[in-house]
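Notes follow the structure.
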Amino acid sequence: MTGTTIGPIGRAWLKWKSLRLPWRKRFLVGFDLQGNTYWEFRLTTRGTGDAAPNGLGEVERWRRIVQYPRATHLSAVKVGPLWHQWLRYTRRDPPSLEEQRGDVVRQARTKVLAADADARWAAKPRVMDAPPPPPPTLPETTTTPHAQAETTPLRAESRRRRSSKRPEEMTQARADDDAVDDDKDPWKKAKTRGPSEDWQPQAWSPNAKK
């Protein structure tokens, strides 16, 4: 039952059910775009449904309930946010059909904006998906042909000088180097013996009597 499919008989029936007659315990409040009807009821007919001025609870408060069509399965029942507010007593007056249609348009618009935001977020590059940075490369040492040409004659001259030395000169130079090392080595100087360190006692021989 929707606002566009209600005929004259249905309108008359809804109007009759919405009349707050004193002997009634159940009144029709409104309906939504899915055909669900919303009611206010109480267990007794005592009072007007307003709070008692003395706060003793002498007047029964109206209770609120939703009733869906019999052909609708329980899992298929959908209640809009506006009617949820009314059922939870956070809204005093029931929402009108125009207000419910505007809320449906608002929800559709919100879904479109959320989908666009998700698409923009998915299009952005992620840190986890970024390729790892390449390892740092060491600078290569390159020699120019001019530098190679200068180094080659120097190496050849050094080899020629070493091969031209005579064995006697090399031995003398090595001995001179060892002597210089001995002069500079303090441990070798400490190991040098004095003149009396080589003295050894001799066997005792008595002199012949005169």
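Ligands are numbered from 1 in the order shown, chains are lettered A, B, ... in the order of the structure tokens, and residues start at 1 in each chain.
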
Surrounding residues of range 31-39 of chain A excluding itself and chain neighbours under 6 positions, 10 Å, only C-alpha atoms, as an mmCIF file with C-alpha atoms, in the first residue's frame:
```
data_model
loop_
_atom_site.group_PDB
_atom_site.id
_atom_site.type_symbol
_atom_site.label_atom_id
_atom_site.label_comp_id
_atom_site.auth_asym_id
_atom_site.auth_seq_id
_atom_site.Cartn_x
_atom_site.Cartn_y
_atom_site.Cartn_z
ATOM 1 C CA MET A 1 0.000 0.000 0.000
ATOM 2 C CA THR A 2 1.651 3.207 -1.170
ATOM 3 C CA GLY A 3 0.572 6.797 -1.520
ATOM 4 C CA THR A 4 0.073 6.454 -5.278
ATOM 5 C CA THR A 5 -1.886 3.159 -5.252
ATOM 6 C CA LEU A 14 -7.263 4.727 6.449
ATOM 7 C CA LYS A 17 -8.693 3.917 11.277
ATOM 8 C CA SER A 18 -6.863 7.146 12.016
ATOM 9 C CA TRP A 62 0.982 5.309 23.719
ATOM 10 C CA ARG A 63 3.084 2.528 22.247
ATOM 11 C CA ARG A 64 4.268 2.459 18.644
ATOM 12 C CA ILE A 65 4.469 -0.457 16.240
ATOM 13 C CA VAL A 66 4.943 -1.206 12.525
ATOM 14 C CA GLN A 67 2.736 -3.649 10.622
ATOM 15 C CA TYR A 68 3.867 -4.962 7.226
ATOM 16 C CA PRO A 69 1.736 -6.705 4.566
ATOM 17 C CA THR A 72 5.962 -9.771 2.761
ATOM 18 C CA VAL A 77 10.768 -5.783 5.672
ATOM 19 C CA LYS A 78 12.569 -2.439 5.354
ATOM 20 C CA VAL A 79 11.865 0.532 7.583
ATOM 21 C CA GLY A 80 13.176 3.948 6.573
ATOM 22 C CA LEU A 82 12.474 8.634 9.408
ATOM 23 C CA TRP A 83 10.078 5.981 10.617
ATOM 24 C CA TRP A 86 9.384 7.830 15.125
ATOM 25 C CA LEU A 87 9.347 4.252 16.451
ATOM 26 C CA PRO A 94 5.211 10.942 11.808
ATOM 27 C CA PRO A 95 6.918 11.787 8.484
ATOM 28 C CA SER A 96 4.802 12.768 5.495
ATOM 29 C CA LEU A 97 4.977 11.174 2.051
ATOM 30 C CA GLN A 100 9.877 10.230 2.740
ATOM 31 C CA ARG A 101 10.374 10.739 -0.998
ATOM 32 C CA VAL A 104 14.907 8.384 -0.697
#
```

If I take CA of Arg26 in chain A and CA of Trp13 in chain A, how far is one from the other in Å, to one decimal?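 These two atoms are separated by 14.0 Å.
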
Selection near range 19-21 of chain A, 12 Å with only C-alpha atoms, sequence-local residues under 3 positions removed, as a list of chain:residue names: A:Ala12, A:Trp13, A:Leu14, A:Lys15, A:Trp16, A:Arg24, A:Lys25, A:Arg26, A:Phe27, A:Leu28, A:Val29, A:Gly30, A:Trp39, A:Glu40, A:Phe41, A:Thr45, A:Thr48, A:Gly49

Can you list, as a ChimeraX atom specification, every residue of range 16-126 of chain A that DSSP puts in alpha helix (DSSP H)? /A:16-17,81-87,97-123

Can you build me a table of range 48-127 of chain A residues sitting at most 12 Å from range 131-139 of chain A, with the closest atom pair per residue and its distance in Å to one decimal, using only C-alpha atoms, sorted by chain and residue number, as CSV?
```
residue,atom,partner,partner_atom,distance
A:Pro125,CA,A:Pro131,CA,10.9
A:Arg126,CA,A:Pro131,CA,10.2
A:Val127,CA,A:Pro131,CA,8.8
```

How would the residues just picked look written out with N, CA and C atoms as a CSV table (one decimal), in the first residue's frame?
```
chain,number,residue,atom,x,y,z
A,125,PRO,N,47.7,6.1,-6.2
A,125,PRO,CA,48.8,5.0,-6.0
A,125,PRO,C,48.9,4.8,-4.5
A,126,ARG,N,49.1,3.5,-4.2
A,126,ARG,CA,49.3,3.1,-2.8
A,126,ARG,C,50.8,2.9,-2.5
A,127,VAL,N,51.1,3.1,-1.3
A,127,VAL,CA,52.5,2.9,-0.8
A,127,VAL,C,52.9,1.4,-0.9
```

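In this model, the gap between CA of Asp129 in chain A and CA of Ala117 in chain A comes to 19.9 Å.
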
Please report, as a VMD selection string, each residue of range 4-143 of chain A to which DSSP assigns strand (DSSP E) when run on this structure's backbone. chain A and resid 26 to 31 37 to 41 63 to 67
